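Engineer: Pasting my_file_16.cif below, which is mmCIF, C-alpha atoms.
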```cif
data_query
loop_
_atom_site.label_atom_id
_atom_site.label_comp_id
_atom_site.auth_asym_id
_atom_site.auth_seq_id
_atom_site.Cartn_x
_atom_site.Cartn_y
_atom_site.Cartn_z
CA MET A 1 91.50 26.60 44.60
CA LEU A 2 91.18 30.19 45.83
CA PHE A 3 88.05 32.30 46.04
CA SER A 4 87.76 35.23 43.67
CA ASN A 5 85.42 36.89 46.16
CA ALA A 6 86.59 36.47 49.73
CA GLY A 7 83.58 38.11 51.36
CA LEU A 8 83.53 40.62 54.21
CA PRO A 9 84.19 40.46 57.97
CA LEU A 10 80.47 40.81 58.71
CA ASP A 11 79.86 37.57 56.81
CA ASN A 12 81.07 35.96 60.05
CA LYS A 13 78.16 35.57 62.48
CA LEU A 14 80.22 36.18 65.61
CA LEU A 15 81.58 39.45 64.29
CA THR A 16 78.06 40.43 63.23
CA SER A 17 76.80 39.76 66.76
CA LEU A 18 79.16 42.33 68.31
CA PRO A 19 77.94 45.85 69.11
CA ARG A 20 79.07 48.05 66.25
CA ASP A 21 81.46 50.16 68.34
CA HIS A 22 83.22 47.04 69.62
CA PHE A 23 83.41 45.53 66.12
CA ASP A 24 84.97 48.80 64.95
CA ARG A 25 87.82 48.27 67.43
CA LEU A 26 88.72 45.04 65.61
CA LEU A 27 88.14 46.26 62.06
CA PRO A 28 91.42 48.17 61.48
CA HIS A 29 93.41 45.05 62.36
CA LEU A 30 91.42 42.53 60.28
CA ALA A 31 92.88 41.17 57.05
CA THR A 32 90.85 39.11 54.58
CA VAL A 33 92.50 35.98 53.15
CA SER A 34 91.49 33.03 50.98
CA LEU A 35 92.97 29.62 51.77
CA PRO A 36 92.94 26.34 49.80
CA GLN A 37 91.66 23.00 51.04
CA GLY A 38 94.27 21.05 52.96
CA ASP A 39 96.25 24.01 54.33
CA VAL A 40 97.41 23.54 57.93
CA LEU A 41 96.82 26.83 59.75
CA ILE A 42 97.94 25.74 63.21
CA GLU A 43 99.86 22.66 64.32
CA ALA A 44 99.26 21.05 67.71
CA GLY A 45 101.72 22.57 70.19
CA ASP A 46 102.14 25.83 68.25
CA GLU A 47 101.59 29.17 69.91
CA VAL A 48 98.50 30.73 68.36
CA ASP A 49 99.59 33.99 66.73
CA GLN A 50 96.54 34.57 64.50
CA VAL A 51 92.80 34.45 65.18
CA TYR A 52 90.55 33.35 62.29
CA PHE A 53 86.92 34.34 61.64
CA PRO A 54 85.62 32.34 58.62
CA HIS A 55 83.37 34.05 56.07
CA TYR A 56 82.61 30.75 54.33
CA GLY A 57 84.24 27.36 53.99
CA MET A 58 85.20 25.19 56.95
CA LEU A 59 88.07 24.54 59.35
CA SER A 60 88.64 21.19 61.02
CA LEU A 61 90.14 20.77 64.49
CA LEU A 62 92.08 17.51 64.81
CA SER A 63 93.38 15.72 67.87
CA VAL A 64 96.83 14.33 66.98
CA LEU A 65 98.18 11.15 68.57
CA ARG A 66 101.85 10.31 69.18
CA ASP A 67 101.98 7.97 66.18
CA GLY A 68 100.87 10.82 63.91
CA LYS A 69 97.30 9.62 63.44
CA ALA A 70 94.63 12.28 63.84
CA ILE A 71 90.85 12.47 64.21
CA GLU A 72 88.48 15.39 63.99
CA THR A 73 87.05 16.77 67.23
CA ALA A 74 85.21 19.86 65.93
CA THR A 75 84.50 21.93 62.83
CA VAL A 76 84.22 25.71 62.48
CA GLY A 77 82.48 27.70 59.78
CA ARG A 78 81.09 31.22 59.47
CA GLU A 79 79.28 30.81 62.78
CA GLY A 80 82.56 30.65 64.72
CA VAL A 81 86.19 31.51 65.30
CA VAL A 82 89.48 29.64 65.70
CA GLY A 83 92.16 30.80 68.10
CA ALA A 84 89.97 33.18 70.10
CA MET A 85 91.35 32.03 73.46
CA ALA A 86 94.62 33.71 72.46
CA GLY A 87 92.74 36.88 73.31
CA LEU A 88 92.92 35.97 76.98
CA GLY A 89 96.69 35.44 77.03
CA LEU A 90 99.52 33.52 75.35
CA TYR A 91 97.93 30.34 74.14
CA LYS A 92 99.28 27.11 72.65
CA SER A 93 96.99 25.07 70.48
CA LEU A 94 96.16 21.55 71.61
CA VAL A 95 94.82 20.64 68.16
CA ARG A 96 95.85 20.78 64.52
CA VAL A 97 93.71 23.19 62.48
CA VAL A 98 93.22 22.27 58.82
CA VAL A 99 91.27 23.95 56.02
CA GLN A 100 88.66 21.30 55.38
CA MET A 101 86.85 23.16 52.59
CA PRO A 102 88.28 26.15 50.65
CA LEU A 103 88.08 29.05 53.06
CA ALA A 104 87.70 32.79 53.10
CA CYS A 105 88.19 34.48 56.45
CA SER A 106 89.18 37.55 58.39
CA LYS A 107 92.29 37.12 60.49
CA ILE A 108 93.78 39.28 63.19
CA ALA A 109 97.14 39.02 64.93
CA ALA A 110 96.76 37.63 68.44
CA THR A 111 98.66 40.60 69.86
CA HIS A 112 96.11 43.06 68.41
CA PHE A 113 93.24 40.80 69.44
CA ARG A 114 94.45 40.72 73.05
CA THR A 115 94.60 44.52 73.14
CA VAL A 116 90.97 44.74 72.02
CA VAL A 117 89.84 42.01 74.43
CA THR A 118 91.44 43.88 77.35
CA ASN A 119 89.09 46.81 76.75
CA SER A 120 85.99 45.08 75.41
CA ASP A 121 83.65 42.91 77.48
CA PRO A 122 81.63 41.83 74.39
CA VAL A 123 84.76 40.58 72.59
CA ARG A 124 86.04 38.88 75.75
CA ASN A 125 82.67 37.17 76.24
CA LEU A 126 82.77 36.06 72.60
CA CYS A 127 86.05 34.22 73.28
CA ILE A 128 84.70 32.43 76.35
CA ARG A 129 81.31 31.62 74.86
CA TYR A 130 82.66 30.13 71.63
CA ASN A 131 85.28 28.11 73.48
CA GLU A 132 82.37 26.44 75.28
CA VAL A 133 80.79 25.69 71.89
CA LEU A 134 84.00 23.96 70.76
CA LEU A 135 84.21 21.97 74.01
CA SER A 136 80.61 20.87 73.54
CA GLN A 137 81.38 19.76 69.97
CA ALA A 138 84.41 17.79 71.17
CA ARG A 139 82.36 15.99 73.84
CA VAL A 140 79.59 15.01 71.43
CA THR A 141 82.07 13.98 68.73
CA ALA A 142 84.02 11.80 71.19
CA ALA A 143 80.83 10.00 72.20
CA CYS A 144 79.78 9.67 68.56
CA ASN A 145 83.13 8.19 67.52
CA ALA A 146 82.99 5.65 70.34
CA LEU A 147 79.37 4.55 70.12
CA HIS A 148 77.98 5.04 66.62
CA SER A 149 78.52 3.19 63.36
CA ILE A 150 80.75 4.53 60.60
CA GLU A 151 77.67 4.83 58.40
CA ALA A 152 75.83 7.06 60.88
CA ARG A 153 78.95 9.16 61.50
CA PHE A 154 79.53 9.53 57.75
CA CYS A 155 76.00 10.88 57.29
CA ARG A 156 76.31 13.20 60.29
CA TRP A 157 79.58 14.55 58.95
CA LEU A 158 78.14 15.15 55.47
CA LEU A 159 75.24 17.09 56.93
CA GLN A 160 77.61 19.23 59.02
CA SER A 161 79.81 19.91 55.99
CA ALA A 162 76.84 20.84 53.80
CA ASP A 163 75.65 23.26 56.49
CA ARG A 164 79.06 24.93 56.61
CA ALA A 165 79.24 25.08 52.81
CA ALA A 166 75.64 26.37 52.55
CA SER A 167 75.33 23.94 49.66
CA ASP A 168 74.24 20.38 48.96
CA THR A 169 77.52 19.83 47.10
CA VAL A 170 80.82 19.43 48.96
CA ASN A 171 84.29 18.66 47.62
CA LEU A 172 85.94 15.99 49.78
CA THR A 173 88.33 13.20 48.84
CA GLN A 174 88.16 9.72 50.38
CA GLU A 175 91.56 10.29 51.99
CA PHE A 176 90.31 13.44 53.69
CA LEU A 177 87.09 11.78 54.82
CA ALA A 178 89.00 8.83 56.25
CA GLU A 179 91.22 11.11 58.34
CA MET A 180 88.29 13.19 59.59
CA LEU A 181 86.39 10.08 60.69
CA GLY A 182 89.45 8.19 61.95
CA VAL A 183 88.82 5.15 59.74
CA ARG A 184 90.49 3.38 56.82
CA ARG A 185 89.92 4.65 53.29
CA THR A 186 88.35 1.33 52.34
CA SER A 187 85.72 1.87 55.05
CA VAL A 188 84.83 5.26 53.57
CA THR A 189 84.54 3.68 50.11
CA GLU A 190 82.17 0.99 51.40
CA VAL A 191 79.96 3.43 53.31
CA ALA A 192 79.85 6.01 50.50
CA SER A 193 78.86 3.28 48.04
CA LYS A 194 76.09 2.08 50.34
CA VAL A 195 74.68 5.57 50.86
CA GLN A 196 74.92 6.28 47.14
CA SER A 197 73.15 3.00 46.28
CA ALA A 198 70.32 4.06 48.59
CA GLY A 199 69.87 7.17 46.43
CA LEU A 200 70.84 9.65 49.15
CA ILE A 201 74.00 11.03 47.51
CA THR A 202 76.11 10.94 44.40
CA TYR A 203 79.85 10.64 44.88
CA SER A 204 82.40 10.96 42.10
CA ARG A 205 86.00 12.20 41.97
CA GLY A 206 85.88 13.80 45.39
CA VAL A 207 82.58 15.61 44.82
CA ILE A 208 79.63 14.61 47.00
CA LYS A 209 76.14 15.86 46.19
CA ILE A 210 73.29 15.31 48.66
CA LEU A 211 70.16 14.19 46.83
CA ASP A 212 67.84 13.36 49.74
CA ARG A 213 68.61 15.37 52.86
CA PRO A 214 65.67 14.11 54.98
CA ALA A 215 66.71 10.50 54.33
CA LEU A 216 70.34 11.35 55.09
CA MET A 217 69.21 12.83 58.42
CA ARG A 218 67.33 9.63 59.22
CA MET A 219 70.43 7.56 58.46
CA SER A 220 72.59 9.88 60.56
CA CYS A 221 72.95 9.45 64.31
CA GLU A 222 71.30 11.75 66.83
CA CYS A 223 74.55 13.70 67.18
CA TYR A 224 73.85 15.94 64.19
CA GLU A 225 70.75 17.41 65.81
CA THR A 226 72.40 17.39 69.25
CA LEU A 227 75.23 19.55 67.91
CA LEU A 228 72.76 21.96 66.31
CA ASP A 229 70.74 22.23 69.52
CA GLN A 230 73.79 22.77 71.72
CA SER A 231 75.28 25.38 69.38
CA ALA A 232 71.97 27.29 69.42
CA LEU A 233 71.80 27.07 73.21
CA LEU A 234 75.33 28.39 73.66
CA ALA A 235 75.14 31.04 70.94
#
```
Would you mind writing the structure in this file as structure tokens?
Structural biologist:
Amino acid sequence: MLFSNAGLPLDNKLLTSLPRDHFDRLLPHLATVSLPQGDVLIEAGDEVDQVYFPHYGMLSLLSVLRDGKAIETATVGREGVVGAMAGLGLYKSLVRVVVQMPLACSKIAATHFRTVVTNSDPVRNLCIRYNEVLLSQARVTAACNALHSIEARFCRWLLQSADRAASDTVNLTQEFLAEMLGVRRTSVTEVASKVQSAGLITYSRGVIKILDRPALMRMSCECYETLLDQSALLA
């Protein structure tokens, strides 16, 4: 699935936050692309050669273990950027970056981005500030994965995904959900059935629709609101 309308660079909140003259330094080097769900943009260990500013959709950052298993540590939507630390020098990714929901974004070659960062304090500060946001997400997600039930994590993750999609309907298969949450597919099936039976969602053929958001928030763990609060604090 590709978007017919990929949006504009200023659909990304970080790019919008830049002073206009500093944004204009990036603009000639930005290319707009649409990417399908499941695409791997960056593999763990790869040198980051592109920086991505989502317009809409969502990217997932996965920590990959030696046996090939992976678990999500952070998500990025139109509020953020992936690969920005490449602006501060040659940078190898420590995570796999996957298109979690069909994505439209602006991308810029890391070489061009570094040139702009060298001469722009606002763009340099953007790199550092958003890296702290991602580190905060990773810390909260690690604690959540260790301490909270699959049910609470499932609800937290649905709320995050709906926020990124700006919609109460998200397209996610059980296989994808299982990998994001680091659990077996059968566990996702059981939890999704329970949440659906409670009347909070409908789930059919990879399409999840949230019916009762307040109830879903109550079933979620505290981490959903913690992530919102920390992102606002660091923005």
Engineer: Near A:Leu18, counting all atoms listed in the file, which residues have an atom at most 8 Å away, once you skip same-chain residues fewer than 5 positions from it, shown as a PyMOL selection string?
Structural biologist: chain A and resi 23+122-123
Engineer: Have a look at A:Leu26, A:Val48, A:Ala109, A:Leu62 and name the one nearest to A:Lys92; count all atoms listed in the file.
Structural biologist: A:Val48
Engineer: Go ahead and compute the interatomic distance for atom CA of A:Ala6 and atom CA of A:Ser34, in Å to one decimal.
Structural biologist: 6.1 Å
Engineer: Taking the file as I've supplied it (selection: the PyMOL selection byres ((chain A and resi 69) around 12)), which residues are included? Please answer as a PDB file with C-alpha atoms, keeping the file's coordinate frame.
Structural biologist:
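File written: result-v6.pdb
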```
ATOM      1  CA  LEU A  62      92.080  17.510  64.810  1.00  0.00           C
ATOM      2  CA  SER A  63      93.380  15.720  67.870  1.00  0.00           C
ATOM      3  CA  VAL A  64      96.830  14.330  66.980  1.00  0.00           C
ATOM      4  CA  LEU A  65      98.180  11.150  68.570  1.00  0.00           C
ATOM      5  CA  ARG A  66     101.850  10.310  69.180  1.00  0.00           C
ATOM      6  CA  ASP A  67     101.980   7.970  66.180  1.00  0.00           C
ATOM      7  CA  GLY A  68     100.870  10.820  63.910  1.00  0.00           C
ATOM      8  CA  ALA A  70      94.630  12.280  63.840  1.00  0.00           C
ATOM      9  CA  ILE A  71      90.850  12.470  64.210  1.00  0.00           C
ATOM     10  CA  GLU A  72      88.480  15.390  63.990  1.00  0.00           C
ATOM     11  CA  ARG A  96      95.850  20.780  64.520  1.00  0.00           C
ATOM     12  CA  ALA A 178      89.000   8.830  56.250  1.00  0.00           C
ATOM     13  CA  GLU A 179      91.220  11.110  58.340  1.00  0.00           C
ATOM     14  CA  MET A 180      88.290  13.190  59.590  1.00  0.00           C
ATOM     15  CA  LEU A 181      86.390  10.080  60.690  1.00  0.00           C
ATOM     16  CA  GLY A 182      89.450   8.190  61.950  1.00  0.00           C
ATOM     17  CA  VAL A 183      88.820   5.150  59.740  1.00  0.00           C
ATOM     18  CA  ARG A 184      90.490   3.380  56.820  1.00  0.00           C
TER      19      ARG A 184
END
```
Engineer: For A:Glu47, list every protein, DNA or RNA residue within 9 Å, evaluated using all atoms listed in the file, and leave out those in the same chain fewer than 5 positions away; present the list as a list in words.
Structural biologist: Ile42, Ala86, Leu90, Tyr91, Lys92 and Ser93 of chain A
Engineer: Using only C-alpha atoms, which residue out of A:Leu61, A:Val81, A:Asp121, A:Gln37 lies closest to A:Asp21?
Structural biologist: A:Asp121
Engineer: Could you list, as a ChimeraX atom specification, every residue matched by the PyMOL selection byres ((chain A and resi 224) around 12) in this structure?
Structural biologist: /A:137,140-141,144,148,152-163,216-223,225-231
Engineer: Quick check on the file I pasted: which residues fall under the PyMOL selection byres ((chain A and resi 129) around 12)? Write them as a ChimeraX atom specification.
Structural biologist: /A:14,80-81,84-85,121-128,130-136,231-235
Engineer: Around all of stretch 165-181 of chain A's listed atoms, make the axis-aligned box with 8 Å on each side and tell me centre and edge lengths in Å to one decimal, as lines of an AutoDock Vina configuration file.
Structural biologist:
```
center_x = 82.9
center_y = 17.6
center_z = 53.9
size_x = 33.3
size_y = 33.5
size_z = 29.6
```
Engineer: Mind giving me the straight-line distance from atom CA of A:Ala44 to atom CA of A:Val98 in Å, one decimal?
Structural biologist: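 Pair atom CA of A:Ala44 / atom CA of A:Val98 returns 10.8 Å.
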Engineer: Would you work out the distance separating atom CA of A:Arg139 from atom CA of A:Gly87, expressed in Å to one decimal?
Structural biologist: 23.3 Å
Engineer: Dig up all the protein and nucleic acid residues within 9 Å of (97.2, 41.2, 70.3) in the file frame, using only C-alpha atoms, and format them as JSON, numbers by chain.
Structural biologist: {"A": [49, 50, 86, 87, 89, 108, 109, 110, 111, 112, 113, 114, 115, 116, 117]}
Engineer: Choose the residue, out of A:Leu27, A:Ala74, A:Ile208, A:Pro54, that has the smallest atom-to-atom separation from A:Leu103; count all atoms listed in the file.
Structural biologist: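 The shortest atom-to-atom distance to A:Leu103 comes from A:Pro54.
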Engineer: Looking at A:Pro214, A:Pro36, A:Pro28, A:Gly77, which one is nearest to A:Lys13, with distances taken over all atoms listed in the file?
Structural biologist: A:Gly77
Engineer: Between A:Val99, A:Asn171, A:Glu190, A:Phe176, which has the minimum distance to A:Ile210 (counting all atoms listed in the file)?
Structural biologist: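 Between A:Val99, A:Asn171, A:Glu190, A:Phe176, the residue approaching A:Ile210 most closely is A:Asn171.
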Engineer: Restricting the calculation to only C-alpha atoms, which member of A:Ser60, A:Thr189, A:Ser204, A:Gln196 is positioned closest to A:Met101?
Structural biologist: A:Ser60
